[in-house]
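Peer 1: Got entry-v1.cif for you, mmCIF, N, CA and C atoms:
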```cif
data_my_file
loop_
_atom_site.label_atom_id
_atom_site.label_comp_id
_atom_site.auth_asym_id
_atom_site.auth_seq_id
_atom_site.Cartn_x
_atom_site.Cartn_y
_atom_site.Cartn_z
N MET A 1 145.61 5.46 137.87
CA MET A 1 145.97 6.29 136.75
C MET A 1 144.71 6.74 135.98
N ARG A 2 143.82 5.80 135.77
CA ARG A 2 142.58 6.12 135.06
C ARG A 2 141.78 7.16 135.84
N HIS A 3 141.77 7.04 137.14
CA HIS A 3 141.07 8.00 138.00
C HIS A 3 141.67 9.39 137.86
N MET A 4 142.98 9.49 137.74
CA MET A 4 143.66 10.78 137.60
C MET A 4 143.29 11.45 136.27
N LYS A 5 143.18 10.65 135.20
CA LYS A 5 142.80 11.22 133.90
C LYS A 5 141.41 11.86 133.99
N ASN A 6 140.51 11.17 134.66
CA ASN A 6 139.16 11.71 134.82
C ASN A 6 139.16 12.98 135.65
N VAL A 7 139.99 13.03 136.68
CA VAL A 7 140.11 14.22 137.51
C VAL A 7 140.64 15.37 136.69
N PHE A 8 141.70 15.11 135.89
CA PHE A 8 142.27 16.17 135.05
C PHE A 8 141.26 16.66 134.01
N ARG A 9 140.51 15.73 133.42
CA ARG A 9 139.49 16.12 132.44
C ARG A 9 138.42 17.01 133.10
N ALA A 10 138.00 16.62 134.30
CA ALA A 10 137.00 17.41 135.01
C ALA A 10 137.53 18.79 135.36
N MET A 11 138.80 18.84 135.80
CA MET A 11 139.41 20.14 136.12
C MET A 11 139.53 21.01 134.87
N ALA A 12 139.91 20.39 133.75
CA ALA A 12 140.04 21.14 132.50
C ALA A 12 138.69 21.68 132.06
N LEU A 13 137.65 20.88 132.21
CA LEU A 13 136.31 21.31 131.84
C LEU A 13 135.84 22.46 132.73
N VAL A 14 136.07 22.36 134.03
CA VAL A 14 135.69 23.42 134.95
C VAL A 14 136.45 24.70 134.63
N THR A 15 137.75 24.59 134.33
CA THR A 15 138.57 25.75 133.98
C THR A 15 138.06 26.39 132.70
N LEU A 16 137.76 25.57 131.70
CA LEU A 16 137.25 26.09 130.43
C LEU A 16 135.93 26.80 130.64
N MET A 17 135.03 26.22 131.44
CA MET A 17 133.75 26.87 131.71
C MET A 17 133.94 28.19 132.42
N ALA A 18 134.88 28.24 133.36
CA ALA A 18 135.14 29.48 134.08
C ALA A 18 135.65 30.55 133.14
N ILE A 19 136.51 30.16 132.19
CA ILE A 19 137.04 31.12 131.22
C ILE A 19 135.92 31.64 130.34
N VAL A 20 135.11 30.71 129.83
CA VAL A 20 134.01 31.11 128.94
C VAL A 20 133.03 32.01 129.67
N LEU A 21 132.64 31.60 130.88
CA LEU A 21 131.68 32.41 131.64
C LEU A 21 132.28 33.73 132.07
N GLY A 22 133.55 33.73 132.39
CA GLY A 22 134.22 34.96 132.80
C GLY A 22 134.37 35.94 131.66
N CYS A 23 134.52 35.41 130.46
CA CYS A 23 134.70 36.27 129.30
C CYS A 23 133.37 36.73 128.71
N ALA A 24 132.30 36.04 129.10
CA ALA A 24 131.00 36.42 128.55
C ALA A 24 130.67 37.84 128.99
N LYS A 25 130.27 38.61 128.03
CA LYS A 25 129.92 39.99 128.30
C LYS A 25 128.56 40.06 128.98
N GLN A 26 128.48 40.85 130.02
CA GLN A 26 127.20 41.02 130.69
C GLN A 26 126.27 41.82 129.78
N GLN A 27 125.09 41.29 129.55
CA GLN A 27 124.10 41.96 128.71
C GLN A 27 123.27 42.90 129.57
N THR A 28 123.21 44.15 129.17
CA THR A 28 122.34 45.08 129.85
C THR A 28 121.15 45.33 128.94
N PRO A 29 119.98 45.42 129.51
CA PRO A 29 118.81 45.65 128.66
C PRO A 29 118.95 46.98 127.94
N PRO A 30 118.50 47.04 126.67
CA PRO A 30 118.60 48.31 125.95
C PRO A 30 117.74 49.37 126.60
N ALA A 31 118.21 50.58 126.51
CA ALA A 31 117.44 51.70 127.06
C ALA A 31 116.18 51.86 126.23
N GLU A 32 115.10 52.23 126.89
CA GLU A 32 113.84 52.45 126.18
C GLU A 32 114.00 53.64 125.25
N THR A 33 113.68 53.43 124.00
CA THR A 33 113.80 54.48 123.01
C THR A 33 112.60 55.41 123.12
N VAL A 34 112.87 56.67 123.28
CA VAL A 34 111.80 57.65 123.34
C VAL A 34 111.63 58.24 121.94
N VAL A 35 110.43 58.13 121.42
CA VAL A 35 110.13 58.61 120.08
C VAL A 35 109.11 59.74 120.22
N SER A 36 109.38 60.83 119.53
CA SER A 36 108.47 61.97 119.61
C SER A 36 107.18 61.69 118.84
N ASP A 37 106.13 62.41 119.19
CA ASP A 37 104.86 62.27 118.47
C ASP A 37 105.04 62.61 117.00
N ALA A 38 105.86 63.62 116.70
CA ALA A 38 106.10 64.00 115.30
C ALA A 38 106.75 62.85 114.54
N ASP A 39 107.69 62.14 115.19
CA ASP A 39 108.33 60.99 114.55
C ASP A 39 107.33 59.86 114.32
N LEU A 40 106.44 59.63 115.30
CA LEU A 40 105.42 58.59 115.14
C LEU A 40 104.48 58.93 113.99
N ILE A 41 104.05 60.18 113.93
CA ILE A 41 103.15 60.60 112.83
C ILE A 41 103.86 60.41 111.49
N SER A 42 105.11 60.80 111.43
CA SER A 42 105.89 60.63 110.20
C SER A 42 105.99 59.16 109.81
N ALA A 43 106.11 58.28 110.80
CA ALA A 43 106.25 56.85 110.52
C ALA A 43 104.95 56.20 110.05
N ILE A 44 103.81 56.70 110.50
CA ILE A 44 102.54 56.06 110.14
C ILE A 44 101.83 56.73 108.97
N ALA A 45 102.08 58.03 108.76
CA ALA A 45 101.33 58.78 107.75
C ALA A 45 101.72 58.39 106.32
N GLY A 46 100.70 58.38 105.46
CA GLY A 46 100.93 58.17 104.04
C GLY A 46 101.08 56.72 103.62
N ARG A 47 100.95 55.81 104.53
CA ARG A 47 101.05 54.39 104.21
C ARG A 47 99.69 53.73 104.43
N VAL A 48 99.47 52.63 103.73
CA VAL A 48 98.26 51.84 103.95
C VAL A 48 98.64 50.74 104.94
N TRP A 49 98.05 50.78 106.13
CA TRP A 49 98.29 49.79 107.18
C TRP A 49 97.14 48.80 107.16
N VAL A 50 97.45 47.53 106.95
CA VAL A 50 96.44 46.48 106.85
C VAL A 50 96.49 45.61 108.11
N ALA A 51 95.33 45.40 108.71
CA ALA A 51 95.25 44.64 109.97
C ALA A 51 95.65 43.19 109.77
N GLU A 52 96.48 42.71 110.69
CA GLU A 52 96.82 41.30 110.79
C GLU A 52 96.08 40.69 111.99
N TYR A 53 95.95 41.49 113.06
CA TYR A 53 95.24 41.09 114.27
C TYR A 53 94.45 42.29 114.77
N ILE A 54 93.24 42.03 115.27
CA ILE A 54 92.43 43.06 115.90
C ILE A 54 92.15 42.58 117.32
N HIS A 55 92.64 43.34 118.29
CA HIS A 55 92.56 42.95 119.71
C HIS A 55 93.07 41.53 119.93
N GLY A 56 94.18 41.21 119.28
CA GLY A 56 94.82 39.92 119.47
C GLY A 56 94.23 38.77 118.67
N LEU A 57 93.12 39.00 117.99
CA LEU A 57 92.50 37.94 117.18
C LEU A 57 92.86 38.13 115.71
N PRO A 58 93.24 37.06 115.01
CA PRO A 58 93.60 37.19 113.60
C PRO A 58 92.40 37.63 112.77
N VAL A 59 92.70 38.34 111.68
CA VAL A 59 91.63 38.80 110.80
C VAL A 59 91.25 37.70 109.81
N VAL A 60 90.07 37.82 109.26
CA VAL A 60 89.60 36.92 108.22
C VAL A 60 90.49 37.11 107.00
N ASP A 61 90.95 36.01 106.41
CA ASP A 61 91.83 36.10 105.24
C ASP A 61 91.22 36.98 104.16
N MET A 62 92.06 37.81 103.57
CA MET A 62 91.70 38.67 102.45
C MET A 62 90.61 39.68 102.78
N SER A 63 90.42 40.00 104.06
CA SER A 63 89.35 40.92 104.44
C SER A 63 89.75 42.38 104.31
N HIS A 64 91.00 42.68 104.34
CA HIS A 64 91.54 44.02 104.09
C HIS A 64 90.94 45.11 104.99
N THR A 65 91.10 44.96 106.28
CA THR A 65 90.80 46.04 107.21
C THR A 65 92.02 46.94 107.20
N SER A 66 91.83 48.22 106.87
CA SER A 66 92.99 49.09 106.66
C SER A 66 92.83 50.45 107.33
N MET A 67 93.99 51.10 107.49
CA MET A 67 94.04 52.46 108.03
C MET A 67 95.06 53.25 107.21
N ILE A 68 94.67 54.47 106.85
CA ILE A 68 95.59 55.38 106.17
C ILE A 68 95.57 56.68 106.96
N PHE A 69 96.69 56.98 107.58
CA PHE A 69 96.82 58.19 108.39
C PHE A 69 97.40 59.31 107.54
N THR A 70 96.98 60.54 107.81
CA THR A 70 97.60 61.70 107.18
C THR A 70 98.35 62.48 108.26
N THR A 71 99.20 63.39 107.84
CA THR A 71 99.90 64.23 108.81
C THR A 71 98.97 65.31 109.35
N ALA A 72 97.79 65.46 108.75
CA ALA A 72 96.83 66.48 109.18
C ALA A 72 95.78 65.89 110.14
N ASP A 73 96.14 64.83 110.85
CA ASP A 73 95.29 64.25 111.89
C ASP A 73 94.00 63.62 111.38
N SER A 74 93.97 63.17 110.14
CA SER A 74 92.79 62.44 109.68
C SER A 74 93.20 61.00 109.34
N VAL A 75 92.22 60.13 109.41
CA VAL A 75 92.44 58.72 109.12
C VAL A 75 91.26 58.22 108.31
N ASN A 76 91.53 57.30 107.39
CA ASN A 76 90.45 56.68 106.63
C ASN A 76 90.90 55.29 106.23
N GLY A 77 89.98 54.54 105.68
CA GLY A 77 90.33 53.20 105.24
C GLY A 77 89.10 52.35 105.06
N SER A 78 89.30 51.04 105.21
CA SER A 78 88.22 50.08 105.08
C SER A 78 88.13 49.28 106.37
N GLY A 79 86.91 49.13 106.86
CA GLY A 79 86.69 48.30 108.04
C GLY A 79 86.64 46.83 107.69
N ALA A 80 86.78 46.49 106.43
CA ALA A 80 86.75 45.16 105.82
C ALA A 80 85.57 45.06 104.86
N CYS A 81 84.54 45.85 105.13
CA CYS A 81 83.37 45.88 104.25
C CYS A 81 83.00 47.33 103.94
N ASN A 82 83.00 48.16 104.94
CA ASN A 82 82.59 49.56 104.80
C ASN A 82 83.78 50.50 104.85
N ALA A 83 83.72 51.54 104.03
CA ALA A 83 84.73 52.59 104.07
C ALA A 83 84.42 53.49 105.26
N TYR A 84 85.48 54.06 105.85
CA TYR A 84 85.29 54.96 106.99
C TYR A 84 86.28 56.10 106.90
N SER A 85 86.00 57.15 107.66
CA SER A 85 86.94 58.26 107.79
C SER A 85 86.66 58.95 109.12
N GLY A 86 87.69 59.63 109.62
CA GLY A 86 87.56 60.33 110.89
C GLY A 86 88.85 61.03 111.23
N SER A 87 89.03 61.29 112.49
CA SER A 87 90.22 62.01 112.93
C SER A 87 90.95 61.20 114.00
N TYR A 88 92.20 61.60 114.22
CA TYR A 88 92.97 61.02 115.32
C TYR A 88 93.84 62.10 115.92
N ALA A 89 94.23 61.88 117.16
CA ALA A 89 95.16 62.77 117.85
C ALA A 89 96.23 61.89 118.49
N LEU A 90 97.46 62.33 118.38
CA LEU A 90 98.58 61.59 118.95
C LEU A 90 99.26 62.48 119.98
N LYS A 91 99.33 62.00 121.22
CA LYS A 91 99.97 62.77 122.28
C LYS A 91 100.71 61.83 123.22
N ASP A 92 101.98 62.10 123.41
CA ASP A 92 102.83 61.31 124.31
C ASP A 92 102.80 59.82 123.95
N GLY A 93 102.79 59.52 122.65
CA GLY A 93 102.83 58.14 122.19
C GLY A 93 101.51 57.40 122.27
N ALA A 94 100.43 58.10 122.66
CA ALA A 94 99.11 57.48 122.73
C ALA A 94 98.23 58.08 121.64
N ILE A 95 97.47 57.22 120.99
CA ILE A 95 96.59 57.68 119.91
C ILE A 95 95.14 57.57 120.37
N THR A 96 94.38 58.62 120.03
CA THR A 96 92.96 58.69 120.32
C THR A 96 92.25 58.96 119.00
N PHE A 97 91.20 58.23 118.74
CA PHE A 97 90.44 58.42 117.51
C PHE A 97 89.17 59.19 117.82
N GLY A 98 88.82 60.10 116.91
CA GLY A 98 87.56 60.83 117.02
C GLY A 98 86.44 59.99 116.45
N PRO A 99 85.23 60.55 116.40
CA PRO A 99 84.10 59.83 115.82
C PRO A 99 84.40 59.47 114.35
N MET A 100 83.96 58.31 113.96
CA MET A 100 84.18 57.84 112.59
C MET A 100 82.87 57.85 111.81
N ALA A 101 82.95 58.26 110.56
CA ALA A 101 81.81 58.15 109.64
C ALA A 101 82.09 56.93 108.76
N ALA A 102 81.08 56.11 108.53
CA ALA A 102 81.28 54.90 107.74
C ALA A 102 80.07 54.66 106.85
N THR A 103 80.32 54.01 105.72
CA THR A 103 79.21 53.59 104.88
C THR A 103 78.46 52.49 105.61
N MET A 104 77.33 52.08 105.10
CA MET A 104 76.48 51.12 105.81
C MET A 104 76.11 49.92 104.94
N LYS A 105 77.07 49.35 104.25
CA LYS A 105 76.80 48.18 103.40
C LYS A 105 76.58 46.94 104.26
N MET A 106 75.77 46.02 103.73
CA MET A 106 75.61 44.71 104.36
C MET A 106 76.86 43.89 104.09
N CYS A 107 77.26 43.11 105.09
CA CYS A 107 78.49 42.33 104.98
C CYS A 107 78.20 40.90 105.42
N PRO A 108 79.00 39.94 104.94
CA PRO A 108 78.88 38.59 105.49
C PRO A 108 79.14 38.64 107.00
N GLU A 109 78.54 37.72 107.74
CA GLU A 109 78.58 37.78 109.20
C GLU A 109 80.00 37.82 109.77
N ALA A 110 80.90 37.00 109.27
CA ALA A 110 82.27 36.97 109.81
C ALA A 110 82.97 38.32 109.60
N ILE A 111 82.76 38.91 108.43
CA ILE A 111 83.36 40.21 108.14
C ILE A 111 82.71 41.29 108.98
N SER A 112 81.40 41.22 109.13
CA SER A 112 80.67 42.19 109.94
C SER A 112 81.13 42.14 111.40
N ASP A 113 81.33 40.95 111.93
CA ASP A 113 81.81 40.80 113.31
C ASP A 113 83.22 41.39 113.46
N GLN A 114 84.07 41.11 112.49
CA GLN A 114 85.43 41.65 112.52
C GLN A 114 85.41 43.17 112.43
N GLU A 115 84.58 43.70 111.55
CA GLU A 115 84.49 45.14 111.38
C GLU A 115 83.99 45.80 112.66
N MET A 116 83.02 45.19 113.32
CA MET A 116 82.51 45.72 114.59
C MET A 116 83.64 45.75 115.63
N ARG A 117 84.42 44.67 115.69
CA ARG A 117 85.55 44.60 116.63
C ARG A 117 86.57 45.69 116.31
N PHE A 118 86.82 45.91 115.02
CA PHE A 118 87.76 46.95 114.60
C PHE A 118 87.27 48.33 115.03
N PHE A 119 86.01 48.66 114.72
CA PHE A 119 85.49 49.98 115.09
C PHE A 119 85.45 50.15 116.61
N GLN A 120 85.15 49.09 117.34
CA GLN A 120 85.18 49.17 118.81
C GLN A 120 86.60 49.43 119.31
N SER A 121 87.60 48.89 118.61
CA SER A 121 88.99 49.11 119.03
C SER A 121 89.37 50.58 118.91
N LEU A 122 88.69 51.32 118.07
CA LEU A 122 88.99 52.74 117.88
C LEU A 122 88.38 53.61 118.98
N ASP A 123 87.57 53.02 119.84
CA ASP A 123 86.90 53.77 120.92
C ASP A 123 87.78 53.99 122.15
N VAL A 124 88.93 53.33 122.22
CA VAL A 124 89.79 53.45 123.40
C VAL A 124 91.16 54.01 123.02
N ASP A 125 91.77 54.74 123.96
CA ASP A 125 93.13 55.24 123.76
C ASP A 125 94.07 54.04 123.66
N GLN A 126 95.08 54.17 122.80
CA GLN A 126 96.02 53.09 122.58
C GLN A 126 97.43 53.66 122.45
N THR A 127 98.41 52.90 122.90
CA THR A 127 99.78 53.32 122.68
C THR A 127 100.20 52.86 121.29
N VAL A 128 101.09 53.63 120.69
CA VAL A 128 101.60 53.35 119.35
C VAL A 128 103.02 52.85 119.50
N SER A 129 103.31 51.70 118.90
CA SER A 129 104.67 51.18 118.90
C SER A 129 104.91 50.38 117.63
N PHE A 130 106.16 50.07 117.39
CA PHE A 130 106.55 49.29 116.23
C PHE A 130 107.38 48.11 116.69
N GLU A 131 107.13 46.96 116.09
CA GLU A 131 107.93 45.77 116.37
C GLU A 131 108.08 45.01 115.06
N ASN A 132 109.33 44.81 114.65
CA ASN A 132 109.62 44.10 113.40
C ASN A 132 108.87 44.70 112.21
N GLY A 133 108.78 46.02 112.17
CA GLY A 133 108.14 46.70 111.06
C GLY A 133 106.62 46.73 111.12
N LEU A 134 106.04 46.14 112.15
CA LEU A 134 104.59 46.11 112.30
C LEU A 134 104.14 47.20 113.27
N LEU A 135 103.02 47.81 112.96
CA LEU A 135 102.43 48.83 113.81
C LEU A 135 101.56 48.15 114.85
N HIS A 136 101.82 48.45 116.12
CA HIS A 136 101.04 47.91 117.23
C HIS A 136 100.25 49.05 117.87
N LEU A 137 98.94 48.89 117.96
CA LEU A 137 98.07 49.81 118.68
C LEU A 137 97.55 49.02 119.88
N THR A 138 98.02 49.39 121.07
CA THR A 138 97.76 48.59 122.25
C THR A 138 96.96 49.38 123.29
N PRO A 139 95.77 48.88 123.63
CA PRO A 139 94.97 49.54 124.67
C PRO A 139 95.58 49.27 126.05
N ALA A 140 95.18 50.06 127.04
CA ALA A 140 95.68 49.86 128.40
C ALA A 140 95.32 48.46 128.90
N GLU A 141 94.16 47.99 128.55
CA GLU A 141 93.74 46.63 128.92
C GLU A 141 93.38 45.90 127.64
N GLY A 142 93.91 44.72 127.50
CA GLY A 142 93.59 43.92 126.32
C GLY A 142 94.80 43.75 125.42
N LYS A 143 94.56 43.07 124.33
CA LYS A 143 95.63 42.73 123.40
C LYS A 143 95.70 43.74 122.26
N PRO A 144 96.87 43.85 121.64
CA PRO A 144 97.04 44.86 120.58
C PRO A 144 96.36 44.50 119.28
N SER A 145 96.13 45.53 118.50
CA SER A 145 95.79 45.36 117.10
C SER A 145 97.09 45.59 116.35
N ILE A 146 97.39 44.71 115.40
CA ILE A 146 98.68 44.75 114.72
C ILE A 146 98.44 44.92 113.22
N PHE A 147 99.20 45.86 112.64
CA PHE A 147 99.03 46.21 111.23
C PHE A 147 100.37 46.11 110.50
N ALA A 148 100.30 45.66 109.25
CA ALA A 148 101.47 45.62 108.38
C ALA A 148 101.27 46.62 107.25
N VAL A 149 102.37 47.14 106.74
CA VAL A 149 102.28 48.05 105.59
C VAL A 149 101.92 47.25 104.35
N GLN A 150 100.95 47.74 103.60
CA GLN A 150 100.59 47.10 102.34
C GLN A 150 101.68 47.38 101.33
N GLU A 151 102.20 46.35 100.76
CA GLU A 151 103.27 46.50 99.76
C GLU A 151 102.71 46.72 98.39
#
```
Kindly transcribe the structure held in the file into structure tokens.
Peer 2:
Amino acid sequence: MRHMKNVFRAMALVTLMAIVLGCAKQQTPPAETVVSDADLISAIAGRVWVAEYIHGLPVVDMSHTSMIFTTADSVNGSGACNAYSGSYALKDGAITFGPMAATMKMCPEAISDQEMRFFQSLDVDQTVSFENGLLHLTPAEGKPSIFAVQE
């Protein structure tokens, strides 16, 4: 009799699992959202974007590496020590930066190294994407630079 109870319990459990698994909705991956260049420019322009990571490496606390894009294809901000300005072009979701002009102040070594890494990141084409409200600029090879909107 005890053996039968265990058999019935096992059968009930298997039946319940079959019902649950059978009723589970098959998840299909979401379709890739295609965003126009005009929509991307609208999303990035007029805001102060502050770096959280540059090429996958965290920024020095309170260093304030920033980017401010305009709808007229110009960008400016702070490299963490020096102010800069230049141009950008956005085509098919990829951003390319033109030559940048920057001030030439002396900076503490850690900030100077970070600023150099930031300016070097502007030398390569990068895809533009958003994840959880953060701006991701991702080169074809390497890790992204991630920016948050300054509140």
Peer 1: Spell out the residues picked by the PyMOL selection byres ((chain A and resi 80-82) around 8) here, as a list of chain:residue names.
Peer 2: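 Given this file, the PyMOL selection byres ((chain A and resi 80-82) around 8) evaluates to A:Met62, A:Ser63, A:His64, A:Thr65, A:Ser66, A:Gly77, A:Ser78, A:Gly79, A:Ala83, A:Tyr84, A:Ser85, A:Ala101, A:Ala102, A:Thr103, A:Met104, A:Lys105, A:Met106, A:Cys107, A:Pro108, A:Ile111, A:Ser112, A:Gln114, A:Glu115, A:Met116.
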Peer 1: What lies within 6.5 Å of A:Asp123 using only N, CA and C atoms, ignoring chain neighbours under 3 positions off, as a PyMOL selection string?
Peer 2: chain A and resi 97+119-120
Peer 1: Step by step, work through what the PyMOL selection byres ((chain A and resi 149) around 7) selects in the shown file, and finish by giving those residues as a ChimeraX atom specification.
Peer 2: /A:47-50,133-135,147-148,150-151
Peer 1: Tell me, in Å to one decimal, how far atom N of A:Ala43 is from atom N of A:Thr71.
Peer 2: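 Calculated distance between atom N of A:Ala43 and atom N of A:Thr71 is 9.1 Å.
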Peer 1: Mind telling me what the PyMOL selection byres ((chain A and resi 143) around 7) catches here, as a tab-separated table (two decimals) with N, CA and C atoms, in the coordinates of the input?
Peer 2:
```tsv
chain	number	residue	atom	x	y	z
A	54	ILE	N	93.24	42.03	115.27
A	54	ILE	CA	92.43	43.06	115.90
A	54	ILE	C	92.15	42.58	117.32
A	55	HIS	N	92.64	43.34	118.29
A	55	HIS	CA	92.56	42.95	119.71
A	55	HIS	C	93.07	41.53	119.93
A	56	GLY	N	94.18	41.21	119.28
A	56	GLY	CA	94.82	39.92	119.47
A	56	GLY	C	94.23	38.77	118.67
A	57	LEU	N	93.12	39.00	117.99
A	57	LEU	CA	92.50	37.94	117.18
A	57	LEU	C	92.86	38.13	115.71
A	137	LEU	N	98.94	48.89	117.96
A	137	LEU	CA	98.07	49.81	118.68
A	137	LEU	C	97.55	49.02	119.88
A	138	THR	N	98.02	49.39	121.07
A	138	THR	CA	97.76	48.59	122.25
A	138	THR	C	96.96	49.38	123.29
A	139	PRO	N	95.77	48.88	123.63
A	139	PRO	CA	94.97	49.54	124.67
A	139	PRO	C	95.58	49.27	126.05
A	141	GLU	N	94.16	47.99	128.55
A	141	GLU	CA	93.74	46.63	128.92
A	141	GLU	C	93.38	45.90	127.64
A	142	GLY	N	93.91	44.72	127.50
A	142	GLY	CA	93.59	43.92	126.32
A	142	GLY	C	94.80	43.75	125.42
A	144	PRO	N	96.87	43.85	121.64
A	144	PRO	CA	97.04	44.86	120.58
A	144	PRO	C	96.36	44.50	119.28
A	145	SER	N	96.13	45.53	118.50
A	145	SER	CA	95.79	45.36	117.10
A	145	SER	C	97.09	45.59	116.35
```
Peer 1: Of the residues A:Ala140, A:Val75, A:Val60, A:Leu90, which is the one nearest to A:Ile41, using only N, CA and C atoms?
Peer 2: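 Selected residue with least distance to A:Ile41: A:Leu90.
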